[in-house]
Structures are given as structure tokens and as C-alpha cells.
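The data block below is run-v6.pdb; it holds PDB, C-alpha atoms.
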```pdb
ATOM      1  CA  MET O   1      70.603  87.719 128.576
ATOM      2  CA  ARG O   2      73.193  90.285 129.559
ATOM      3  CA  THR O   3      75.027  92.027 126.694
ATOM      4  CA  ILE O   4      77.862  94.468 126.185
ATOM      5  CA  THR O   5      78.173  96.801 123.182
ATOM      6  CA  VAL O   6      81.460  98.348 122.066
ATOM      7  CA  ALA O   7      82.464 100.711 119.243
ATOM      8  CA  ALA O   8      85.677  99.904 117.390
ATOM      9  CA  ARG O   9      87.658 101.052 114.380
ATOM     10  CA  GLY O  10      89.957  99.484 111.803
ATOM     11  CA  ALA O  11      91.991 101.463 109.264
ATOM     12  CA  VAL O  12      94.230 100.532 106.346
ATOM     13  CA  SER O  13      96.419 103.098 104.593
ATOM     14  CA  THR O  14      96.760 102.581 100.853
ATOM     15  CA  ARG O  15      97.704 104.492  97.719
ATOM     16  CA  PRO O  16      94.873 105.717  95.492
ATOM     17  CA  ASP O  17      94.924 104.605  91.870
ATOM     18  CA  THR O  18      92.277 106.888  90.329
ATOM     19  CA  ALA O  19      91.903 110.661  90.124
ATOM     20  CA  THR O  20      88.745 112.611  89.333
ATOM     21  CA  VAL O  21      89.393 116.094  87.966
ATOM     22  CA  SER O  22      86.870 118.851  87.332
ATOM     23  CA  LEU O  23      87.813 120.751  84.164
ATOM     24  CA  GLY O  24      85.892 123.340  82.208
ATOM     25  CA  VAL O  25      85.808 126.453  80.070
ATOM     26  CA  ALA O  26      84.544 129.931  80.880
ATOM     27  CA  VAL O  27      83.971 132.557  78.187
ATOM     28  CA  LEU O  28      82.541 136.069  77.993
ATOM     29  CA  ALA O  29      80.929 137.498  74.839
ATOM     30  CA  LYS O  30      78.625 140.371  73.963
ATOM     31  CA  THR O  31      75.665 138.175  73.042
ATOM     32  CA  ALA O  32      74.322 134.980  74.522
ATOM     33  CA  GLY O  33      74.604 133.226  71.176
ATOM     34  CA  ASP O  34      78.242 134.176  70.729
ATOM     35  CA  ALA O  35      79.057 133.113  74.290
ATOM     36  CA  LEU O  36      77.406 129.714  73.802
ATOM     37  CA  ARG O  37      79.167 129.192  70.482
ATOM     38  CA  LEU O  38      82.602 130.073  71.852
ATOM     39  CA  ALA O  39      82.061 127.902  74.919
ATOM     40  CA  ALA O  40      80.980 124.982  72.727
ATOM     41  CA  GLU O  41      84.132 125.324  70.611
ATOM     42  CA  ARG O  42      86.412 125.475  73.658
ATOM     43  CA  ALA O  43      84.600 122.580  75.360
ATOM     44  CA  ALA O  44      84.943 120.444  72.228
ATOM     45  CA  THR O  45      88.678 121.198  72.207
ATOM     46  CA  LEU O  46      88.901 120.323  75.893
ATOM     47  CA  ILE O  47      87.183 116.972  75.426
ATOM     48  CA  GLU O  48      89.270 116.011  72.406
ATOM     49  CA  THR O  49      92.465 116.965  74.226
ATOM     50  CA  VAL O  50      91.553 114.881  77.253
ATOM     51  CA  LYS O  51      90.797 111.905  75.015
ATOM     52  CA  SER O  52      94.112 112.346  73.197
ATOM     53  CA  ALA O  53      95.837 112.290  76.595
ATOM     54  CA  GLY O  54      94.571 108.752  77.149
ATOM     55  CA  VAL O  55      91.232 109.239  78.943
ATOM     56  CA  ALA O  56      88.436 106.949  77.751
ATOM     57  CA  ASP O  57      85.203 108.440  76.424
ATOM     58  CA  ASP O  58      83.199 106.750  79.191
ATOM     59  CA  ASP O  59      85.348 108.531  81.791
ATOM     60  CA  ILE O  60      84.352 112.021  80.597
ATOM     61  CA  GLN O  61      80.999 113.395  81.748
ATOM     62  CA  THR O  62      79.450 116.849  81.400
ATOM     63  CA  SER O  63      78.840 118.092  84.936
ATOM     64  CA  GLY O  64      77.596 121.647  84.417
ATOM     65  CA  LEU O  65      76.482 124.213  81.854
ATOM     66  CA  SER O  66      75.506 127.767  82.786
ATOM     67  CA  LEU O  67      74.691 131.048  81.040
ATOM     68  CA  TYR O  68      74.230 134.325  82.890
ATOM     69  CA  PRO O  69      74.472 138.045  82.038
ATOM     70  CA  GLN O  70      77.383 140.307  82.915
ATOM     71  CA  TYR O  71      76.267 143.689  84.286
ATOM     72  CA  ALA O  72      78.073 147.054  84.274
ATOM     73  CA  ASP O  73      78.471 148.434  87.781
ATOM     74  CA  GLN O  74      75.128 148.813  89.548
ATOM     75  CA  ASN O  75      72.966 150.175  86.744
ATOM     76  CA  ARG O  76      71.980 146.643  85.725
ATOM     77  CA  LYS O  77      72.945 147.269  82.129
ATOM     78  CA  VAL O  78      73.895 144.032  80.406
ATOM     79  CA  ILE O  79      77.315 144.293  78.792
ATOM     80  CA  GLY O  80      77.814 140.641  77.916
ATOM     81  CA  TYR O  81      77.131 137.021  78.776
ATOM     82  CA  ASN O  82      79.176 134.471  80.689
ATOM     83  CA  VAL O  83      79.036 130.802  79.771
ATOM     84  CA  SER O  84      80.730 127.975  81.620
ATOM     85  CA  ASN O  85      80.827 124.354  80.495
ATOM     86  CA  ASN O  86      82.333 121.823  82.886
ATOM     87  CA  VAL O  87      83.269 118.166  82.604
ATOM     88  CA  THR O  88      84.278 115.595  85.182
ATOM     89  CA  VAL O  89      87.258 113.545  84.037
ATOM     90  CA  ARG O  90      88.301 110.258  85.603
ATOM     91  CA  VAL O  91      91.970 109.467  85.089
ATOM     92  CA  ARG O  92      92.717 105.812  85.779
ATOM     93  CA  GLN O  93      96.470 106.156  85.194
ATOM     94  CA  ILE O  94      97.178 108.342  88.171
ATOM     95  CA  ASP O  95     100.707 109.241  87.048
ATOM     96  CA  ASN O  96      99.117 110.835  83.981
ATOM     97  CA  VAL O  97      96.980 113.383  85.860
ATOM     98  CA  GLY O  98      99.458 116.255  85.551
ATOM     99  CA  ALA O  99      99.890 115.644  81.827
ATOM    100  CA  VAL O 100      96.102 115.669  81.291
ATOM    101  CA  VAL O 101      95.733 118.985  83.126
ATOM    102  CA  ASP O 102      98.669 120.539  81.286
ATOM    103  CA  ALA O 103      97.404 119.424  77.873
ATOM    104  CA  ALA O 104      93.953 120.862  78.597
ATOM    105  CA  ALA O 105      95.415 124.210  79.669
ATOM    106  CA  ARG O 106      97.691 124.322  76.631
ATOM    107  CA  ASP O 107      94.998 123.587  74.055
ATOM    108  CA  VAL O 108      92.078 125.489  75.585
ATOM    109  CA  GLY O 109      94.076 128.555  76.571
ATOM    110  CA  ASP O 110      92.992 131.294  78.962
ATOM    111  CA  GLU O 111      89.405 130.035  79.043
ATOM    112  CA  ILE O 112      90.381 126.886  80.968
ATOM    113  CA  THR O 113      89.018 126.437  84.503
ATOM    114  CA  ILE O 114      89.948 123.812  87.062
ATOM    115  CA  GLY O 115      87.435 123.075  89.790
ATOM    116  CA  GLY O 116      89.340 120.568  91.907
ATOM    117  CA  ILE O 117      90.718 117.055  92.097
ATOM    118  CA  ALA O 118      89.894 114.009  94.221
ATOM    119  CA  PHE O 119      91.629 110.673  94.631
ATOM    120  CA  SER O 120      90.024 107.271  95.112
ATOM    121  CA  ILE O 121      90.703 103.545  94.952
ATOM    122  CA  GLU O 122      89.083 101.744  92.047
ATOM    123  CA  ASP O 123      88.923  98.345  93.757
ATOM    124  CA  ASP O 124      89.144  98.740  97.519
ATOM    125  CA  GLU O 125      87.604  95.448  98.621
ATOM    126  CA  ALA O 126      90.939  94.014  99.802
ATOM    127  CA  ALA O 127      91.596  97.133 101.904
ATOM    128  CA  VAL O 128      88.047  97.031 103.302
ATOM    129  CA  GLU O 129      88.496  93.385 104.305
ATOM    130  CA  GLN O 130      91.730  94.198 106.131
ATOM    131  CA  ALA O 131      90.134  97.172 107.889
ATOM    132  CA  ARG O 132      87.115  95.045 108.816
ATOM    133  CA  ALA O 133      89.333  92.364 110.381
ATOM    134  CA  ALA O 134      91.227  95.036 112.345
ATOM    135  CA  ALA O 135      87.956  96.590 113.551
ATOM    136  CA  MET O 136      86.611  93.254 114.763
ATOM    137  CA  ALA O 137      89.875  92.460 116.558
ATOM    138  CA  ASP O 138      89.672  95.863 118.241
ATOM    139  CA  ALA O 139      86.039  95.229 119.197
ATOM    140  CA  ARG O 140      86.890  91.856 120.749
ATOM    141  CA  HIS O 141      89.794  93.393 122.701
ATOM    142  CA  ARG O 142      87.609  96.196 124.068
ATOM    143  CA  ALA O 143      84.802  93.785 124.953
ATOM    144  CA  ASP O 144      87.202  91.519 126.829
ATOM    145  CA  GLN O 145      88.422  94.475 128.892
ATOM    146  CA  TYR O 146      84.908  95.551 129.831
ATOM    147  CA  SER O 147      83.788  91.987 130.498
ATOM    148  CA  ALA O 148      86.687  91.404 132.881
ATOM    149  CA  ALA O 149      85.965  94.687 134.632
ATOM    150  CA  ALA O 150      82.346  93.596 135.044
ATOM    151  CA  GLY O 151      83.385  90.260 136.493
ATOM    152  CA  GLY O 152      82.299  88.184 133.504
ATOM    153  CA  THR O 153      83.552  86.870 130.178
ATOM    154  CA  THR O 154      82.828  87.823 126.592
ATOM    155  CA  GLY O 155      80.361  85.497 124.946
ATOM    156  CA  PRO O 156      79.113  85.068 121.354
ATOM    157  CA  ILE O 157      78.397  88.018 119.092
ATOM    158  CA  VAL O 158      74.774  89.114 119.113
ATOM    159  CA  ALA O 159      74.811  91.937 116.523
ATOM    160  CA  ILE O 160      77.175  93.940 114.297
ATOM    161  CA  ASP O 161      76.618  97.355 112.744
ATOM    162  CA  GLU O 162      79.175  98.676 110.262
ATOM    163  CA  THR O 163      80.029 101.875 108.391
ATOM    164  CA  VAL O 164      82.824 102.184 105.820
ATOM    165  CA  ASP O 165      84.731 105.370 104.981
ATOM    166  CA  ARG O 166      86.569 104.864 101.694
ATOM    167  CA  GLY O 167      88.634 108.003 102.078
ATOM    168  CA  PHE O 168      87.383 109.880  99.001
ATOM    169  CA  GLN O 169      88.806 113.331  99.769
ATOM    170  CA  PRO O 170      88.442 116.174  97.256
ATOM    171  CA  LEU O 171      90.950 118.971  97.434
ATOM    172  CA  PRO O 172      89.476 122.367  98.341
ATOM    173  CA  GLY O 173      88.886 125.151  95.850
ATOM    174  CA  GLY O 174      86.096 126.138  93.497
ATOM    175  CA  PRO O 175      86.334 126.706  89.744
ATOM    176  CA  ARG O 176      89.117 129.111  88.869
ATOM    177  CA  LYS O 177      91.108 130.261  85.882
ATOM    178  CA  MET O 178      94.529 128.722  85.657
ATOM    179  CA  ALA O 179      97.543 129.492  83.488
ATOM    180  CA  LEU O 180     100.329 126.937  83.595
ATOM    181  CA  ALA O 181     103.927 127.844  82.909
ATOM    182  CA  ALA O 182     105.447 124.548  84.047
ATOM    183  CA  ALA O 183     104.427 120.932  84.403
ATOM    184  CA  THR O 184     101.761 120.524  87.070
ATOM    185  CA  PRO O 185     102.968 118.295  89.933
ATOM    186  CA  ILE O 186     100.289 115.958  91.283
ATOM    187  CA  GLN O 187     100.928 114.002  94.485
ATOM    188  CA  ALA O 188      98.319 111.378  95.295
ATOM    189  CA  GLY O 189      99.818 110.458  98.673
ATOM    190  CA  THR O 190      97.959 107.808 100.657
ATOM    191  CA  GLN O 191      94.489 107.622 102.128
ATOM    192  CA  ASP O 192      92.835 105.558 104.799
ATOM    193  CA  VAL O 193      90.063 103.056 104.249
ATOM    194  CA  VAL O 194      88.258 102.987 107.595
ATOM    195  CA  VAL O 195      85.695 100.534 108.963
ATOM    196  CA  ASN O 196      83.753 101.542 112.082
ATOM    197  CA  VAL O 197      81.767  98.870 113.859
ATOM    198  CA  SER O 198      79.380  98.665 116.778
ATOM    199  CA  VAL O 199      79.431  95.099 118.116
ATOM    200  CA  THR O 200      77.169  93.614 120.741
ATOM    201  CA  PHE O 201      78.456  90.552 122.635
ATOM    202  CA  GLU O 202      76.726  88.336 125.142
ATOM    203  CA  LEU O 203      78.169  88.884 128.608
ATOM    204  CA  THR O 204      78.478  85.592 130.473
TER     205      THR O 204
END
```
This structure in C-alpha cells:
Amino acid sequence: MRTITVAARGAVSTRPDTATVSLGVAVLAKTAGDALRLAAERAATLIETVKSAGVADDDIQTSGLSLYPQYADQNRKVIGYNVSNNVTVRVRQIDNVGAVVDAAARDVGDEITIGGIAFSIEDDEAAVEQARAAAMADARHRADQYSAAAGGTTGPIVAIDETVDRGFQPLPGGPRKMALAAATPIQAGTQDVVVNVSVTFELT
């Protein structure tokens, strides 16, 4: 049996409906105990603020906790301790993302850190189905071209391999302090759901 294998792509552009934000606190104190205590207080405030802004408890998850010494110059003398406590927050009302960030910065104060934001689609099956149909149509079109060039016709499908890119794209930038003087604008834009296929047809 003669076969022909083609690679094809289908893409659907859609608006994300969920945002994942990395928020946290960073404090410096003279002792490790004081640093942990202050960080715990600020983190508790952060979590309660996020909940008050409409985020469900199940959508808040601790993602990092660290404690490390602060040294003076190069003499390795410890002058204090840094503690960071980070949470990952999933905001399902995407228009509310800016308000969540602003409320956290307002209530936590100068210890707030923001590690980044990413957008996603909660239920993307409809978009995947559309992208899959477009990919298969593209594969058939390509196969027909090659079959004609080879002096044959495209026969039944023998095999299909698929990969799906759901377009989850985090914005760049590591944890950083952030002071907000105005409302934070958040633009979700659109993102592509992409299906890539490798299809093998019988060549008749």
C-alpha cells in the first residue's frame, strides 16, 4: 500500500475567560521569627482581601514560601531575614482582575509582590473542535495536492496524530514590588487554540 503523510494546522481565535495571577508578600525583619510572623500577617490579609473581592477559596493556592538571610556587603554578616509567601489566584470573572490586584495592593501595602498573570479558557472544547475540523480540512487539501502531483488520488485515512496548543500564555516578569496609584488596566485580548495534525492517507 502506498501512503502519503501531511502535516496540517487549524487555529481558532477566542477570548479568554479566566486569569491566573501570582500574588505574594515580601518582608524583611531582624530575626527569622519576626520575618515569618510579619509575612504570615500580611499573607493572611492578602488572602482575605482576595476572597472579599469575589475569588472562591478553592481558587487560591499557596505556591511558594521562602526564608533566607540578608547579608551586609561582603562580610557575610547577617543583618536580617527575608520571607516571601506567594499564592496563585484564579479569577473566573476576568473583568474583575484589575480590581483584585488593586485591592490586594491597597490592603497589603508596600509588602505586596506581583509575579505575573496568565489568561486561559475554562472550557475550550468547542474551540478545539473547530480547530480540529480546520486542521483536517487543511490536511485533506494538502494531501489532494500531493496526490495529484504524484499522479494518483487521495484514499482513506490510515493514521492521525494530533497535538493541541491551548494558548496559555503567561506575561513575562518575575516577582516584583508594586505600588499602585491608579486602577490597574488589564486587557485579556484574544488567544489562539491551535490543533496540529499529522495525517497519513492511502495513495491510490
Nearby residues (only C-alpha atoms) at most 7 Å from Asn82 in chain O, same-chain spacing under 5 positions excluded, as an MDAnalysis selection string: chainID O and resid 27:29 35 67:70
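Distances from O:Ala43, O:Ala19, O:Ile79, O:Ile94 to Thr62 in chain O were compared using all atoms listed in the file, and the smallest one belongs to O:Ala43.
As for CA of Asn196 in chain O and CA of Ala118 in chain O, they are spaced 22.6 Å apart.
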Surrounding residues of Gln187 in chain O excluding itself and chain neighbours under 5 positions, 12 Å, only C-alpha atoms, as a list in words: Arg15, Pro16, Asp17, Thr18, Ala19, Ile94, Asp95, Asn96, Val97, Gly98, Ile117, Ala118, Phe119 and Leu171 of chain O
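For the set O:Asn85, O:Ser66, O:Ser147, O:Ser13, the residue with the smallest atom-to-atom gap to Arg42 in chain O is O:Asn85, counting all atoms listed in the file.
Restricting the calculation to only C-alpha atoms, the smallest distance between Gly152 in chain O and any of O:Ser84, O:Gln130, O:Gln61, O:Thr204 is found for O:Thr204.
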Final N, CA and C atoms of range 185-202 of chain O as a PDB file, keeping the file's coordinate frame:
```pdb
ATOM      1  N   PRO O 185     102.674 119.464  89.090  1.00  0.00           N
ATOM      2  CA  PRO O 185     102.968 118.295  89.933  1.00  0.00           C
ATOM      3  C   PRO O 185     101.705 117.835  90.645  1.00  0.00           C
ATOM      4  N   ILE O 186     101.438 116.536  90.597  1.00  0.00           N
ATOM      5  CA  ILE O 186     100.289 115.958  91.283  1.00  0.00           C
ATOM      6  C   ILE O 186     100.793 114.855  92.207  1.00  0.00           C
ATOM      7  N   GLN O 187     100.521 115.003  93.496  1.00  0.00           N
ATOM      8  CA  GLN O 187     100.928 114.002  94.485  1.00  0.00           C
ATOM      9  C   GLN O 187      99.674 113.347  95.067  1.00  0.00           C
ATOM     10  N   ALA O 188      99.516 112.068  94.815  1.00  0.00           N
ATOM     11  CA  ALA O 188      98.319 111.378  95.295  1.00  0.00           C
ATOM     12  C   ALA O 188      98.414 111.007  96.773  1.00  0.00           C
ATOM     13  N   GLY O 189      99.647 110.822  97.276  1.00  0.00           N
ATOM     14  CA  GLY O 189      99.818 110.458  98.673  1.00  0.00           C
ATOM     15  C   GLY O 189      99.155 109.130  99.002  1.00  0.00           C
ATOM     16  N   THR O 190      98.698 108.995 100.231  1.00  0.00           N
ATOM     17  CA  THR O 190      97.959 107.808 100.657  1.00  0.00           C
ATOM     18  C   THR O 190      96.660 108.250 101.305  1.00  0.00           C
ATOM     19  N   GLN O 191      95.731 107.332 101.440  1.00  0.00           N
ATOM     20  CA  GLN O 191      94.489 107.622 102.128  1.00  0.00           C
ATOM     21  C   GLN O 191      94.047 106.395 102.903  1.00  0.00           C
ATOM     22  N   ASP O 192      93.260 106.638 103.926  1.00  0.00           N
ATOM     23  CA  ASP O 192      92.835 105.558 104.799  1.00  0.00           C
ATOM     24  C   ASP O 192      91.463 105.031 104.387  1.00  0.00           C
ATOM     25  N   VAL O 193      91.361 103.725 104.346  1.00  0.00           N
ATOM     26  CA  VAL O 193      90.063 103.056 104.249  1.00  0.00           C
ATOM     27  C   VAL O 193      89.712 102.640 105.668  1.00  0.00           C
ATOM     28  N   VAL O 194      88.600 103.157 106.179  1.00  0.00           N
ATOM     29  CA  VAL O 194      88.258 102.987 107.595  1.00  0.00           C
ATOM     30  C   VAL O 194      86.934 102.238 107.733  1.00  0.00           C
ATOM     31  N   VAL O 195      86.921 101.251 108.604  1.00  0.00           N
ATOM     32  CA  VAL O 195      85.695 100.534 108.963  1.00  0.00           C
ATOM     33  C   VAL O 195      85.404 100.806 110.438  1.00  0.00           C
ATOM     34  N   ASN O 196      84.216 101.337 110.712  1.00  0.00           N
ATOM     35  CA  ASN O 196      83.753 101.542 112.082  1.00  0.00           C
ATOM     36  C   ASN O 196      82.656 100.525 112.379  1.00  0.00           C
ATOM     37  N   VAL O 197      82.760  99.873 113.511  1.00  0.00           N
ATOM     38  CA  VAL O 197      81.767  98.870 113.859  1.00  0.00           C
ATOM     39  C   VAL O 197      81.232  99.118 115.272  1.00  0.00           C
ATOM     40  N   SER O 198      79.987  98.747 115.458  1.00  0.00           N
ATOM     41  CA  SER O 198      79.380  98.665 116.778  1.00  0.00           C
ATOM     42  C   SER O 198      78.985  97.198 116.967  1.00  0.00           C
ATOM     43  N   VAL O 199      79.619  96.541 117.933  1.00  0.00           N
ATOM     44  CA  VAL O 199      79.431  95.099 118.116  1.00  0.00           C
ATOM     45  C   VAL O 199      78.829  94.825 119.495  1.00  0.00           C
ATOM     46  N   THR O 200      77.792  94.028 119.485  1.00  0.00           N
ATOM     47  CA  THR O 200      77.169  93.614 120.741  1.00  0.00           C
ATOM     48  C   THR O 200      77.522  92.132 121.015  1.00  0.00           C
ATOM     49  N   PHE O 201      78.089  91.901 122.191  1.00  0.00           N
ATOM     50  CA  PHE O 201      78.456  90.552 122.635  1.00  0.00           C
ATOM     51  C   PHE O 201      77.552  90.128 123.796  1.00  0.00           C
ATOM     52  N   GLU O 202      77.374  88.852 123.931  1.00  0.00           N
ATOM     53  CA  GLU O 202      76.726  88.336 125.142  1.00  0.00           C
ATOM     54  C   GLU O 202      77.741  88.392 126.279  1.00  0.00           C
TER      55      GLU O 202
END
```
